[in-house]
>>> print(open('target-v9.cif').read())   # mmCIF, C-alpha atoms
data_my_file
loop_
_atom_site.group_PDB
_atom_site.id
_atom_site.type_symbol
_atom_site.label_atom_id
_atom_site.label_comp_id
_atom_site.auth_asym_id
_atom_site.auth_seq_id
_atom_site.Cartn_x
_atom_site.Cartn_y
_atom_site.Cartn_z
ATOM 1 C CA MET A 1 3.667 -31.299 22.884
ATOM 2 C CA LYS A 2 1.177 -28.461 23.394
ATOM 3 C CA GLN A 3 4.005 -25.901 23.348
ATOM 4 C CA LYS A 4 5.383 -27.307 20.062
ATOM 5 C CA LEU A 5 1.939 -26.998 18.463
ATOM 6 C CA VAL A 6 1.656 -23.346 19.515
ATOM 7 C CA ILE A 7 5.112 -22.633 18.088
ATOM 8 C CA ALA A 8 4.288 -24.390 14.790
ATOM 9 C CA VAL A 9 1.069 -22.350 14.455
ATOM 10 C CA ALA A 10 3.043 -19.140 15.122
ATOM 11 C CA ILE A 11 5.545 -19.973 12.361
ATOM 12 C CA VAL A 12 2.762 -20.688 9.855
ATOM 13 C CA PHE A 13 1.078 -17.406 10.839
ATOM 14 C CA LEU A 14 4.313 -15.471 10.261
ATOM 15 C CA ALA A 15 4.816 -17.096 6.870
ATOM 16 C CA THR A 16 1.299 -16.472 5.553
ATOM 17 C CA GLY A 17 0.797 -12.958 6.951
ATOM 18 C CA ALA A 18 3.767 -11.514 5.100
ATOM 19 C CA PHE A 19 1.941 -8.720 3.298
ATOM 20 C CA ALA A 20 -0.017 -7.420 6.274
ATOM 21 C CA GLY A 21 1.417 -4.554 8.324
ATOM 22 C CA THR A 22 3.264 -1.372 7.411
ATOM 23 C CA ILE A 23 4.848 -1.267 3.971
ATOM 24 C CA SER A 24 7.246 1.317 2.484
ATOM 25 C CA TRP A 25 6.351 2.403 -1.048
ATOM 26 C CA SER A 26 7.485 4.751 -3.801
ATOM 27 C CA LEU A 27 6.103 6.005 -7.108
ATOM 28 C CA THR A 28 8.030 7.488 -10.035
ATOM 29 C CA GLY A 29 6.376 8.981 -13.088
ATOM 30 C CA ASN A 30 7.623 8.007 -16.528
ATOM 31 C CA GLY A 31 6.536 8.754 -20.072
ATOM 32 C CA THR A 32 3.499 11.041 -19.766
ATOM 33 C CA GLY A 33 4.027 11.149 -15.986
ATOM 34 C CA ALA A 34 7.656 12.318 -16.054
ATOM 35 C CA GLY A 35 8.400 14.462 -12.997
ATOM 36 C CA ILE A 36 5.816 12.864 -10.674
ATOM 37 C CA THR A 37 7.337 11.434 -7.493
ATOM 38 C CA ALA A 38 5.844 10.104 -4.280
ATOM 39 C CA SER A 39 6.882 7.940 -1.358
ATOM 40 C CA GLY A 40 5.724 6.931 2.083
ATOM 41 C CA THR A 41 4.175 4.071 3.996
ATOM 42 C CA LEU A 42 0.878 2.268 3.842
ATOM 43 C CA THR A 43 -0.662 0.193 6.606
ATOM 44 C CA THR A 44 -2.909 -2.745 5.896
ATOM 45 C CA GLY A 45 -5.768 -3.988 8.012
ATOM 46 C CA ILE A 46 -8.632 -6.353 7.325
ATOM 47 C CA GLU A 47 -7.914 -9.156 4.840
ATOM 48 C CA TYR A 48 -11.128 -9.154 2.747
ATOM 49 C CA THR A 49 -10.191 -12.207 0.721
ATOM 50 C CA PRO A 50 -6.922 -14.162 0.623
ATOM 51 C CA GLY A 51 -4.181 -11.730 -0.424
ATOM 52 C CA VAL A 52 -6.475 -8.635 -0.531
ATOM 53 C CA TYR A 53 -6.130 -6.163 2.351
ATOM 54 C CA ALA A 54 -7.822 -2.883 3.307
ATOM 55 C CA VAL A 55 -5.468 0.093 3.456
ATOM 56 C CA THR A 56 -6.022 1.685 6.868
ATOM 57 C CA ALA A 57 -3.327 4.380 6.595
ATOM 58 C CA PHE A 58 -1.525 5.890 3.596
ATOM 59 C CA THR A 59 1.093 8.538 4.409
ATOM 60 C CA GLY A 60 4.001 10.261 2.723
ATOM 61 C CA THR A 61 4.588 12.984 0.158
ATOM 62 C CA PHE A 62 3.448 13.524 -3.417
ATOM 63 C CA SER A 63 4.856 15.923 -6.015
ATOM 64 C CA ASP A 64 3.902 16.773 -9.577
ATOM 65 C CA PRO A 65 5.876 19.911 -10.527
ATOM 66 C CA ASN A 66 4.225 19.997 -13.965
ATOM 67 C CA ASN A 67 0.831 20.704 -12.360
ATOM 68 C CA ILE A 68 2.144 22.576 -9.294
ATOM 69 C CA ILE A 69 1.021 19.918 -6.805
ATOM 70 C CA SER A 70 3.304 19.142 -3.898
ATOM 71 C CA GLY A 71 2.870 18.205 -0.271
ATOM 72 C CA ALA A 72 1.853 15.707 2.329
ATOM 73 C CA ILE A 73 -0.534 12.895 1.561
ATOM 74 C CA THR A 74 -3.609 13.406 3.724
ATOM 75 C CA ASP A 75 -7.023 11.863 4.166
ATOM 76 C CA PRO A 76 -6.884 8.532 2.362
ATOM 77 C CA PHE A 77 -10.421 7.481 1.530
ATOM 78 C CA THR A 78 -11.840 4.577 3.546
ATOM 79 C CA ALA A 79 -11.818 1.064 2.130
ATOM 80 C CA ASN A 80 -15.039 -0.911 2.569
ATOM 81 C CA GLY A 81 -14.143 -4.084 0.677
ATOM 82 C CA SER A 82 -15.624 -3.116 -2.664
ATOM 83 C CA GLU A 83 -15.216 -0.584 -5.476
ATOM 84 C CA GLN A 84 -16.549 2.892 -4.670
ATOM 85 C CA THR A 85 -16.978 6.180 -6.526
ATOM 86 C CA SER A 86 -15.391 9.400 -5.236
ATOM 87 C CA SER A 87 -17.738 12.137 -4.047
ATOM 88 C CA ASP A 88 -16.933 14.254 -7.146
ATOM 89 C CA GLY A 89 -17.777 11.250 -9.368
ATOM 90 C CA LEU A 90 -14.387 11.317 -11.119
ATOM 91 C CA TYR A 91 -12.716 8.238 -9.649
ATOM 92 C CA TYR A 92 -13.373 4.607 -8.913
ATOM 93 C CA TYR A 93 -11.331 3.336 -5.988
ATOM 94 C CA ASP A 94 -11.265 0.511 -3.494
ATOM 95 C CA ASN A 95 -8.203 1.482 -1.371
ATOM 96 C CA MET A 96 -7.209 -2.130 -1.106
ATOM 97 C CA VAL A 97 -3.756 -3.569 -1.657
ATOM 98 C CA TYR A 98 -3.040 -6.918 -3.261
ATOM 99 C CA SER A 99 -0.206 -9.207 -2.225
ATOM 100 C CA ALA A 100 0.279 -10.127 -5.896
ATOM 101 C CA TYR A 101 0.930 -7.721 -8.786
ATOM 102 C CA PRO A 102 -0.614 -5.280 -9.395
ATOM 103 C CA VAL A 103 -0.439 -3.909 -5.847
ATOM 104 C CA PHE A 104 -3.393 -1.661 -6.717
ATOM 105 C CA ASP A 105 -6.323 -2.780 -8.856
ATOM 106 C CA SER A 106 -6.492 -1.747 -12.517
ATOM 107 C CA SER A 107 -10.205 -0.921 -12.352
ATOM 108 C CA ALA A 108 -10.151 0.994 -9.068
ATOM 109 C CA GLY A 109 -7.054 1.928 -7.092
ATOM 110 C CA MET A 110 -5.825 4.051 -4.211
ATOM 111 C CA LEU A 111 -7.537 7.438 -3.725
ATOM 112 C CA PHE A 112 -6.078 10.087 -1.401
ATOM 113 C CA ASN A 113 -5.676 13.844 -0.961
ATOM 114 C CA VAL A 114 -2.474 15.883 -1.212
ATOM 115 C CA ASN A 115 -2.178 19.043 0.919
ATOM 116 C CA GLY A 116 -5.777 18.724 2.144
ATOM 117 C CA GLY A 117 -7.355 18.023 -1.229
ATOM 118 C CA PRO A 118 -8.551 19.984 -4.255
ATOM 119 C CA SER A 119 -10.243 22.671 -2.140
ATOM 120 C CA VAL A 120 -6.813 23.913 -0.918
ATOM 121 C CA SER A 121 -4.298 25.867 -3.022
ATOM 122 C CA GLY A 122 -1.585 23.458 -4.176
ATOM 123 C CA GLY A 123 -3.736 20.523 -3.118
ATOM 124 C CA ALA A 124 -5.237 17.741 -5.174
ATOM 125 C CA GLU A 125 -7.214 14.541 -5.116
ATOM 126 C CA VAL A 126 -5.025 11.750 -6.528
ATOM 127 C CA ASN A 127 -5.816 8.232 -7.724
ATOM 128 C CA ILE A 128 -3.186 5.536 -8.416
ATOM 129 C CA ALA A 129 -4.308 2.369 -10.222
ATOM 130 C CA GLY A 130 -2.694 -0.485 -12.115
ATOM 131 C CA ASP A 131 -2.660 -0.077 -15.910
ATOM 132 C CA GLY A 132 -3.618 -3.708 -16.560
ATOM 133 C CA GLY A 133 -0.023 -4.490 -17.527
ATOM 134 C CA SER A 134 3.280 -3.835 -15.824
ATOM 135 C CA GLY A 135 2.786 -0.216 -14.780
ATOM 136 C CA TYR A 136 0.427 2.209 -13.095
ATOM 137 C CA TYR A 137 -1.578 5.301 -13.933
ATOM 138 C CA VAL A 138 -1.943 8.477 -11.869
ATOM 139 C CA TRP A 139 -4.905 10.881 -12.150
ATOM 140 C CA GLU A 140 -5.227 14.237 -10.375
ATOM 141 C CA THR A 141 -7.997 16.726 -9.633
ATOM 142 C CA THR A 142 -6.741 20.221 -8.757
ATOM 143 C CA THR A 143 -8.227 23.292 -7.008
ATOM 144 C CA ASP A 144 -10.021 24.505 -10.130
ATOM 145 C CA ASN A 145 -11.578 21.008 -10.520
ATOM 146 C CA THR A 146 -9.349 20.296 -13.493
ATOM 147 C CA TYR A 147 -9.172 16.561 -14.111
ATOM 148 C CA LEU A 148 -5.638 15.696 -15.181
ATOM 149 C CA PRO A 149 -4.464 14.433 -17.595
ATOM 150 C CA GLY A 150 -8.015 14.560 -18.947
ATOM 151 C CA ASN A 151 -10.336 11.757 -19.977
ATOM 152 C CA GLY A 152 -8.767 8.375 -20.662
ATOM 153 C CA ALA A 153 -5.440 6.990 -19.562
ATOM 154 C CA GLY A 154 -3.693 8.627 -16.631
ATOM 155 C CA TYR A 155 -0.093 9.690 -16.308
ATOM 156 C CA GLU A 156 2.266 6.721 -16.596
ATOM 157 C CA ALA A 157 4.152 5.676 -13.458
ATOM 158 C CA GLN A 158 5.940 2.833 -11.716
ATOM 159 C CA PHE A 159 4.948 1.868 -8.185
ATOM 160 C CA SER A 160 7.016 -0.283 -5.859
ATOM 161 C CA ALA A 161 6.364 -1.607 -2.378
ATOM 162 C CA ALA A 162 9.000 -3.149 -0.126
ATOM 163 C CA THR A 163 7.499 -6.098 1.743
ATOM 164 C CA PRO A 164 9.220 -8.884 3.592
ATOM 165 C CA GLU A 165 9.154 -12.205 1.760
ATOM 166 C CA PRO A 166 7.311 -15.077 3.477
ATOM 167 C CA ALA A 167 10.530 -17.120 3.551
ATOM 168 C CA THR A 168 12.309 -14.309 5.419
ATOM 169 C CA LEU A 169 9.556 -14.172 8.019
ATOM 170 C CA SER A 170 9.664 -17.969 8.372
ATOM 171 C CA LEU A 171 13.412 -17.766 9.039
ATOM 172 C CA VAL A 172 12.824 -15.126 11.700
ATOM 173 C CA GLY A 173 10.194 -17.388 13.263
ATOM 174 C CA LEU A 174 12.557 -20.353 13.216
ATOM 175 C CA ALA A 175 15.329 -18.250 14.767
ATOM 176 C CA LEU A 176 12.986 -17.198 17.585
ATOM 177 C CA LEU A 177 11.970 -20.818 18.053
ATOM 178 C CA GLY A 178 15.639 -21.851 18.286
ATOM 179 C CA LEU A 179 16.390 -19.122 20.825
ATOM 180 C CA GLY A 180 13.398 -20.196 22.909
ATOM 181 C CA ILE A 181 14.416 -23.853 22.874
ATOM 182 C CA GLY A 182 18.019 -22.951 23.691
ATOM 183 C CA ALA A 183 16.972 -20.762 26.616
ATOM 184 C CA ARG A 184 14.698 -23.493 27.931
ATOM 185 C CA LYS A 185 17.477 -26.122 27.751
ATOM 186 C CA LEU A 186 19.917 -23.749 29.443
ATOM 187 C CA LYS A 187 17.443 -23.099 32.254
ATOM 188 C CA ALA A 188 16.789 -26.858 32.672
ATOM 189 C CA HIS A 189 20.541 -27.570 32.693
ATOM 190 C CA LYS A 190 21.176 -25.005 35.469
ATOM 191 C CA GLN A 191 18.544 -26.572 37.735
#
>>> encode(input="target-v9.cif", output="structure tokens")
Amino acid sequence: MKQKLVIAVAIVFLATGAFAGTISWSLTGNGTGAGITASGTLTTGIEYTPGVYAVTAFTGTFSDPNNIISGAITDPFTANGSEQTSSDGLYYYDNMVYSAYPVFDSSAGMLFNVNGGPSVSGGAEVNIAGDGGSGYYVWETTTDNTYLPGNGAGYEAQFSAATPEPATLSLVGLALLGLGIGARKLKAHKQ
């Protein structure tokens, strides 16, 4: 009985923790953001509130050929569970990911550096945030402290994250449970 309870708890844990972990993502600029591309992985950590996770790692590549920005994503800013202001005062960010749309908040977002940040040639500070609707905005600060695209709305983009569905994880859990029970019965039958 005790073993069945442990297994049931494990299945529930797998089903509810579906968004936590490492997630593949991509971003494609459209409209005013045409030409912007990015992709990589993000890793979640602490769940601050149900369905809201801290981003502990954000890696990949970012490219905006229109503004001559291209390179590795470096130095994601640390999430502390609330909205923060960047050191240059240009961005609000929380670096938290939401299990429901939008993946990034529309009032804050994900702040990170490209190629070491705006102090490096070809580098930038980049913020991605939800647009309050079905898309995202991208803002950039470059080496000459130019804030792009300027005051107001950012470059338009679409962001997608590939996460396993809770039902898929539940099926995996059930399959493991079945294998465990089968192995146990086989062992008991041989004795």
>>> residues_around(input="target-v9.cif", residues="segment 58-74 of chain A", least_positions_apart="4", cutoff="7 Å", atoms="all atoms listed in the file", output="list in words")
Gly35, Ile36, Thr37, Ala38, Ser39, Gly40, Thr41, Leu42, Thr43, Phe112, Asn113, Val114, Asn115, Gly116, Gly122, Gly123 and Ala124 of chain A
>>> atom_distance(input="target-v9.cif", atom1="atom CA of Ala108 of chain A", atom2="atom CA of Asp88 of chain A")
15.0 Å
>>> residues_around(input="target-v9.cif", residues="Gly109 of chain A", least_positions_apart="3", cutoff="6 Å", atoms="all atoms listed in the file", output="ChimeraX atom specification")
/A:93-95,104-105,128-129
>>> atom_distance(input="target-v9.cif", atom1="atom CA of Thr143 of chain A", atom2="atom CA of Ser119 of chain A")
5.3 Å
>>> closest_residue(input="target-v9.cif", among="A:Tyr137, A:Gly132, A:Gly81, A:Ala161", to="Thr22 of chain A", atoms="only C-alpha atoms")
A:Ala161
>>> closest_residue(input="target-v9.cif", among="A:Val55, A:Thr78, A:Asn127, A:Val103", to="Leu148 of chain A", atoms="only C-alpha atoms")
A:Asn127
>>> resolve_selection(input="target-v9.cif", expression="the PyMOL selection byres ((chain A and resi 138) around 10)", output="mmCIF file with C-alpha atoms, in the frame of the given file")
data_model
loop_
_atom_site.group_PDB
_atom_site.id
_atom_site.type_symbol
_atom_site.label_atom_id
_atom_site.label_comp_id
_atom_site.auth_asym_id
_atom_site.auth_seq_id
_atom_site.Cartn_x
_atom_site.Cartn_y
_atom_site.Cartn_z
ATOM 1 C CA LEU A 27 6.103 6.005 -7.108
ATOM 2 C CA GLY A 29 6.376 8.981 -13.088
ATOM 3 C CA THR A 32 3.499 11.041 -19.766
ATOM 4 C CA GLY A 33 4.027 11.149 -15.986
ATOM 5 C CA ILE A 36 5.816 12.864 -10.674
ATOM 6 C CA GLY A 109 -7.054 1.928 -7.092
ATOM 7 C CA MET A 110 -5.825 4.051 -4.211
ATOM 8 C CA LEU A 111 -7.537 7.438 -3.725
ATOM 9 C CA VAL A 126 -5.025 11.750 -6.528
ATOM 10 C CA ASN A 127 -5.816 8.232 -7.724
ATOM 11 C CA ILE A 128 -3.186 5.536 -8.416
ATOM 12 C CA ALA A 129 -4.308 2.369 -10.222
ATOM 13 C CA GLY A 130 -2.694 -0.485 -12.115
ATOM 14 C CA ASP A 131 -2.660 -0.077 -15.910
ATOM 15 C CA TYR A 136 0.427 2.209 -13.095
ATOM 16 C CA TYR A 137 -1.578 5.301 -13.933
ATOM 17 C CA TRP A 139 -4.905 10.881 -12.150
ATOM 18 C CA GLU A 140 -5.227 14.237 -10.375
ATOM 19 C CA LEU A 148 -5.638 15.696 -15.181
ATOM 20 C CA PRO A 149 -4.464 14.433 -17.595
ATOM 21 C CA ALA A 153 -5.440 6.990 -19.562
ATOM 22 C CA GLY A 154 -3.693 8.627 -16.631
ATOM 23 C CA TYR A 155 -0.093 9.690 -16.308
ATOM 24 C CA GLU A 156 2.266 6.721 -16.596
ATOM 25 C CA ALA A 157 4.152 5.676 -13.458
ATOM 26 C CA GLN A 158 5.940 2.833 -11.716
#
>>> atom_distance(input="target-v9.cif", atom1="atom CA of Asn30 of chain A", atom2="atom CA of Asp144 of chain A")
25.0 Å
>>> closest_residue(input="target-v9.cif", among="A:Tyr92, A:Tyr53, A:Tyr48, A:Tyr147", to="Ser106 of chain A", atoms="all atoms listed in the file")
A:Tyr92
>>> axis_aligned_box(input="target-v9.cif", around="segment 120-130 of chain A", padding_each_side="8 Å", output="lines of an AutoDock Vina configuration file")
center_x = -4.4
center_y = 12.7
center_z = -6.5
size_x = 21.6
size_y = 42.4
size_z = 27.2
>>> closest_residue(input="target-v9.cif", among="A:Glu125, A:Ser99, A:Gln84, A:Tyr91", to="Ala162 of chain A", atoms="all atoms listed in the file")
A:Ser99
